[in-house]
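Remarks on the structure that follows.
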Amino acid sequence: MTDTSTAAFVTYEMRGDVALIGLNRPDKRNAISDRFVEEIGRAVERARTQAKAAVLHGHGKHFCAGLDLAEHVRKSPIEGVHGSRRWHEIFGRIEFGPIPWFTALHGAVVGGGLELAASAQVRVADETAFFALPEGQRGIFVGGGGSVRAARLMGVARMTDMMLTGRSVDARQAESWNLVQYVVPAGQAVEKALELAARAATNAELSNYSVINALPRISEMSHADGLFVESFISSFTATSPEAEARLTAFLEKRAPKVTDPGLA
């Protein structure tokens with residue numbers, strides 16, 4: 001059941017073990033205001049305690065067209081800093097937490113919308129999705145974590161190009177740049193993201209936590225440090241009771257093997 005009683009800008013629904021969270025400001029192309037950020041934050045906290053995975057999508061014709069500029073121009077510099085740090089805090093709860101997040105993207109994934117999408121672990125775009133960072137043309141700079149998250153996904157040179165020139169890229173280009181991991185026909189992004197999230201929700205809790213929290217940090221370490229930390233994470237997860245039960249099930253042929261995708 002969808003709950004809109006406490007968050008007019010955000011819808012919340014449980015699909016089995018997966019929380020389906022919708023950005024619900026379609027008349028503004030789901031542009032993000034301070035109130036919107038806070039409602040996203042409340043939905044994130046709810047999902048972290050109720051679900052084993054989550055999907056974030058947008059109602060209407062677009063995922064999210066970015067920052068609500070009408071609100072932004074009224075802020076003082078220090079208010080802008082506090083607002084940016086609040087985005088960082090809430091989006092960080094998606095990036096690093098107990099459950100995996102999947103975004104279903106369509107239409108505009110622009111500015112702050114791309115920053116929000118970049119905080120998830122996996123991004124699914126349908127063929128209508130387009131991506132842009134028009135901050136340079138607006139006289140501003142990214143403030144929702146894009147200079148870290150989006151730049152790490154596609155590389156600094158590509159992000160620089162997008163911000164300087166206003167370049168917009170389609171879903172297939174975004175896939176080739178690693179901004180998204182899946183591209184599906186129009187209207188099918190939510191269905192695909194829910195499928196992936198439901199699959200991830202069946203994983204061992206400690207394995208999911210390690211992938212979400214350890215893997216990004218290891219990638220930022222030196223070669224030797226990364227390998228050292230990997231050994232501890234690997235041993236810690238493999239000796240958990242759930243891992244031992246799953247490994248035993250596989251050895252006893254009670255769990256499916258990995259299959260060749262070409263034979264599916």
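Going through the structure tokens in order, the chains are called A, B, and so on, while each chain numbers its residues from 1 and the ligands are numbered from 1 in the order shown.
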inquiry  = From a backbone DSSP assignment, name each residue in stretch 29-92 of chain A labelled helix (DSSP H, G or I), as a PyMOL selection string.
reply    = chain A and resi 34-50+69-72+77-92
message = I'd like the neighbourhood of A:Leu20 as a list in words, where a residue qualifies if any of its atoms comes within 8 Å (using only C-alpha atoms), though same-chain residues fewer than 3 positions away should be ignored.
response =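 Listed by chain and then number, they are Thr11, Tyr12, Glu13, Met14, Arg15, Ala54, Val55, Leu56, His57 and Leu194 of chain A.
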Could you write those residues out with N, CA, C and O atoms, as a compact mmCIF listing (two decimals), in the first residue's frame?
```txt
# COMPACT_ATOMS: atom_id res chain seq x y z
N THR A 11 6.24 9.18 -2.12
CA THR A 11 5.38 8.03 -1.88
C THR A 11 6.23 6.87 -1.39
O THR A 11 7.42 6.77 -1.72
N TYR A 12 5.62 6.02 -0.59
CA TYR A 12 6.35 4.89 0.01
C TYR A 12 5.47 3.65 -0.05
O TYR A 12 4.31 3.69 0.35
N GLU A 13 6.04 2.56 -0.54
CA GLU A 13 5.28 1.33 -0.70
C GLU A 13 6.22 0.14 -0.50
O GLU A 13 7.38 0.18 -0.94
N MET A 14 5.76 -0.88 0.17
CA MET A 14 6.54 -2.11 0.32
C MET A 14 6.10 -3.12 -0.73
O MET A 14 4.90 -3.39 -0.88
N ARG A 15 7.04 -3.66 -1.45
CA ARG A 15 6.81 -4.76 -2.40
C ARG A 15 7.60 -5.95 -1.89
O ARG A 15 8.78 -6.11 -2.20
N ALA A 54 15.93 -1.34 -1.66
CA ALA A 54 15.02 -0.23 -1.98
C ALA A 54 15.19 0.21 -3.42
O ALA A 54 16.28 0.09 -3.99
N VAL A 55 14.10 0.72 -3.98
CA VAL A 55 14.09 1.28 -5.33
C VAL A 55 13.57 2.71 -5.24
O VAL A 55 12.54 2.97 -4.62
N LEU A 56 14.29 3.63 -5.87
CA LEU A 56 13.90 5.03 -5.91
C LEU A 56 13.54 5.38 -7.35
O LEU A 56 14.31 5.10 -8.28
N HIS A 57 12.37 5.98 -7.55
CA HIS A 57 11.92 6.33 -8.90
C HIS A 57 11.21 7.67 -8.86
O HIS A 57 11.01 8.26 -7.79
N LEU A 194 12.97 -3.18 -9.61
CA LEU A 194 12.35 -4.02 -8.59
C LEU A 194 12.82 -5.46 -8.68
O LEU A 194 13.06 -6.12 -7.67
```
ask   = Which one of A:Pro185, A:Gly41, A:Pro256, A:Gly58 sits closest to A:His88 if you count only C-alpha atoms?
value =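 With only C-alpha atoms as the atom set, the closest residue is A:Gly41.
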query = By how many Å are atom CA of A:Ala189 and atom CA of A:Ala120 apart?
reply =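 Computed distance, atom CA of A:Ala189 to atom CA of A:Ala120, equals 14.6 Å.
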ask   = Got a sec: who's within 9 Å of A:Ile90, counting only C-alpha atoms, leaving out chain neighbours fewer than 2 positions off, as a ChimeraX atom specification?
value = /A:37-38,40-41,44,85-88,92-94
Could you write out the selected residues, including N, CA and C atoms, as a CSV table (one decimal), in the first residue's frame?
```csv
chain,number,residue,atom,x,y,z
A,37,VAL,N,14.0,17.3,0.2
A,37,VAL,CA,15.2,16.6,0.8
A,37,VAL,C,14.8,15.9,2.1
A,38,GLU,N,14.2,16.7,3.0
A,38,GLU,CA,13.8,16.1,4.3
A,38,GLU,C,12.8,15.0,4.1
A,40,ILE,N,12.6,12.9,1.5
A,40,ILE,CA,13.4,11.8,1.0
A,40,ILE,C,14.2,11.2,2.2
A,41,GLY,N,14.7,12.1,3.1
A,41,GLY,CA,15.5,11.5,4.2
A,41,GLY,C,14.6,10.7,5.1
A,44,VAL,N,14.1,7.4,3.4
A,44,VAL,CA,15.3,6.6,3.5
A,44,VAL,C,15.4,5.9,4.8
A,85,ARG,N,25.3,20.5,2.7
A,85,ARG,CA,25.7,19.5,3.7
A,85,ARG,C,24.6,18.6,4.1
A,86,ARG,N,23.4,19.1,4.1
A,86,ARG,CA,22.2,18.3,4.4
A,86,ARG,C,22.0,17.3,3.3
A,87,TRP,N,22.1,17.8,2.0
A,87,TRP,CA,22.0,16.8,0.9
A,87,TRP,C,23.1,15.7,1.1
A,88,HIS,N,24.3,16.1,1.4
A,88,HIS,CA,25.4,15.1,1.6
A,88,HIS,C,25.0,14.1,2.6
A,92,GLY,N,24.1,10.4,1.6
A,92,GLY,CA,25.1,9.5,2.2
A,92,GLY,C,24.5,8.3,2.9
A,93,ARG,N,23.2,8.5,3.4
A,93,ARG,CA,22.5,7.4,4.0
A,93,ARG,C,22.1,6.4,3.0
A,94,ILE,N,22.0,6.8,1.8
A,94,ILE,CA,21.7,5.9,0.7
A,94,ILE,C,23.0,5.2,0.2
```
Could you list, as a PDB file with C-alpha atoms, in the first residue's frame, every residue within 9 Å of A:Gln50, counting only C-alpha atoms and ignoring same-chain residues fewer than 6 positions away?
```pdb
ATOM      1  CA  MET A  14       6.543  -2.105   0.318  1.00  0.00           C
ATOM      2  CA  ASP A  17      11.113  -7.055   1.143  1.00  0.00           C
ATOM      3  CA  VAL A  18      11.706  -4.094  -1.196  1.00  0.00           C
ATOM      4  CA  ALA A  19      10.765  -0.489  -0.414  1.00  0.00           C
TER       5      ALA A  19
END
```
For atom CA of A:Ile78 and atom CA of A:Gly143, the interatomic separation in Å (one decimal) =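 Going from atom CA of A:Ile78 over to atom CA of A:Gly143 covers 12.9 Å.
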request  = Work out how far apart atom CA of A:Val109 and atom CA of A:Asn30 are and give it in Å to one decimal.
outcome  =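 If I compute the distance from atom CA of A:Val109 to atom CA of A:Asn30, I get 10.0 Å.
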Near stretch 199-217 of chain A, 7 Å: stretch 98-119 of chain A residue rows, closest pairs, only C-alpha atoms, as a tab-separated table:
```
residue	atom	partner	partner_atom	distance
A:Pro98	CA	A:Tyr209	CA	5.3
A:Ile99	CA	A:Tyr209	CA	6.7
A:Pro100	CA	A:Ile212	CA	6.8
```
Include N, CA, C and O atoms and write out the residues we just selected as a JSON list (two decimals), in the first residue's frame.
```json
[["chain", "number", "residue", "atom", "x", "y", "z"],
["A", 98, "PRO", "N", 22.68, -0.11, 5.44],
["A", 98, "PRO", "CA", 22.52, -1.56, 5.60],
["A", 98, "PRO", "C", 21.88, -2.25, 4.42],
["A", 98, "PRO", "O", 21.93, -3.48, 4.33],
["A", 99, "ILE", "N", 21.23, -1.49, 3.49],
["A", 99, "ILE", "CA", 20.53, -2.13, 2.39],
["A", 99, "ILE", "C", 20.97, -1.54, 1.05],
["A", 99, "ILE", "O", 21.38, -0.38, 0.97],
["A", 100, "PRO", "N", 20.90, -2.32, -0.03],
["A", 100, "PRO", "CA", 21.24, -1.80, -1.36],
["A", 100, "PRO", "C", 20.11, -0.98, -1.96],
["A", 100, "PRO", "O", 18.93, -1.28, -1.77]]
```
task = Would you mind telling me which residue in A:Thr103, A:Thr128, A:Ser234, A:Thr160 lies nearest to A:Leu179 when using only C-alpha atoms?
result = A:Thr103
inquiry  = Among stretch 33-236 of chain A, which ones does DSSP assign to strand (DSSP E or B) (computed from the backbone)? Answer as number ranges by chain.
reply    = A: 53-58, 64, 67, 101-105, 108-110, 122-126, 130-132, 168-170, 182-184
inquiry  = When you look at A:Arg167 with a cut-off of 12 Å (counting only C-alpha atoms), what residues show up, excluding the ones that are within fewer than 6 positions of it in the same chain? I need them as a list in words.
reply    =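 Close residues of A:Arg167: Val110, Gly111, Phe130, Phe131, Ala132, Leu133, Pro134, Glu135, Gly136, Gln137, Arg158, Met159, Thr160, Asp161, Gln173 and Ala174 of chain A.
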inquiry  = I need the residue nearest A:His62 from this list: A:Ala197, A:Ala186, A:Ala43, A:Val81. Use only C-alpha atoms for the distance.
reply    = A:Ala186
key: Residue among A:Val142, A:Glu220, A:Val124, A:Met163 lying closest to A:Val183, counting only C-alpha atoms   =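 Once distances to A:Val183 are computed over only C-alpha atoms, the minimum belongs to A:Val124.
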query = Can you list, as number ranges by chain, every protein, DNA or RNA residue that comes within 12 Å of A:Phe232 when you count only C-alpha atoms, leaving out same-chain residues fewer than 6 positions away?
reply = A: 210, 214, 218, 225-226, 238-239
May I have the residues within 12 Å of A:Phe36 as a tab-separated table (two decimals) with N, CA and C atoms, in the first residue's frame, using only C-alpha atoms and disregarding those fewer than 5 positions away in the same chain?
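Contents of selection_31.tsv, as written:
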```
chain	number	residue	atom	x	y	z
A	7	ALA	N	4.02	12.54	3.80
A	7	ALA	CA	5.04	13.03	2.89
A	7	ALA	C	4.44	13.24	1.51
A	8	ALA	N	3.87	14.45	1.27
A	8	ALA	CA	3.20	14.72	0.01
A	8	ALA	C	4.14	14.63	-1.18
A	9	PHE	N	5.42	14.92	-0.96
A	9	PHE	CA	6.38	14.91	-2.06
A	9	PHE	C	7.00	13.52	-2.29
A	10	VAL	N	6.73	12.58	-1.42
A	10	VAL	CA	7.35	11.25	-1.52
A	10	VAL	C	6.30	10.18	-1.26
A	11	THR	N	6.24	9.18	-2.12
A	11	THR	CA	5.38	8.03	-1.88
A	11	THR	C	6.23	6.87	-1.39
A	22	GLY	N	8.88	6.84	-4.27
A	22	GLY	CA	8.66	7.66	-5.45
A	22	GLY	C	8.79	9.14	-5.18
A	23	LEU	N	9.54	9.84	-6.02
A	23	LEU	CA	9.61	11.30	-5.97
A	23	LEU	C	8.30	11.81	-6.57
A	24	ASN	N	7.56	12.61	-5.82
A	24	ASN	CA	6.18	12.90	-6.18
A	24	ASN	C	5.90	14.40	-6.24
A	25	ARG	N	6.65	15.06	-7.09
A	25	ARG	CA	6.41	16.48	-7.34
A	25	ARG	C	6.41	16.70	-8.87
A	28	LYS	N	6.63	20.01	-10.89
A	28	LYS	CA	7.93	20.70	-10.87
A	28	LYS	C	9.04	19.80	-11.41
A	30	ASN	N	9.83	17.07	-10.42
A	30	ASN	CA	10.46	16.51	-9.22
A	30	ASN	C	11.71	17.27	-8.80
A	31	ALA	N	11.72	18.58	-9.05
A	31	ALA	CA	12.84	19.42	-8.60
A	31	ALA	C	12.95	19.37	-7.09
A	41	GLY	N	14.71	12.05	3.08
A	41	GLY	CA	15.45	11.55	4.24
A	41	GLY	C	14.59	10.68	5.13
A	42	ARG	N	13.36	11.08	5.38
A	42	ARG	CA	12.48	10.27	6.22
A	42	ARG	C	12.15	8.94	5.56
A	43	ALA	N	11.94	8.96	4.25
A	43	ALA	CA	11.67	7.71	3.53
A	43	ALA	C	12.88	6.78	3.55
A	64	CYS	N	14.01	13.35	-12.07
A	64	CYS	CA	14.27	14.55	-11.27
A	64	CYS	C	15.07	15.54	-12.09
A	66	GLY	N	16.47	18.21	-10.95
A	66	GLY	CA	17.53	18.85	-10.19
A	66	GLY	C	17.05	19.78	-9.10
A	67	LEU	N	17.88	20.76	-8.81
A	67	LEU	CA	17.64	21.71	-7.73
A	67	LEU	C	16.48	22.65	-8.05
A	68	ASP	N	15.67	22.94	-7.06
A	68	ASP	CA	14.62	23.96	-7.19
A	68	ASP	C	15.30	25.32	-7.15
A	71	GLU	N	14.03	28.39	-5.02
A	71	GLU	CA	14.37	28.39	-3.61
A	71	GLU	C	15.84	28.73	-3.39
A	83	GLY	N	22.62	23.82	3.42
A	83	GLY	CA	21.75	23.04	2.56
A	83	GLY	C	22.49	21.95	1.83
A	86	ARG	N	23.37	19.14	4.09
A	86	ARG	CA	22.21	18.31	4.39
A	86	ARG	C	21.95	17.31	3.26
A	87	TRP	N	22.09	17.75	2.02
A	87	TRP	CA	22.01	16.82	0.89
A	87	TRP	C	23.05	15.73	1.06
A	90	ILE	N	21.95	13.17	3.78
A	90	ILE	CA	20.85	12.28	3.43
A	90	ILE	C	21.23	11.35	2.28
A	112	GLY	N	20.88	18.00	-9.68
A	112	GLY	CA	20.70	17.29	-8.42
A	112	GLY	C	20.02	15.94	-8.58
```
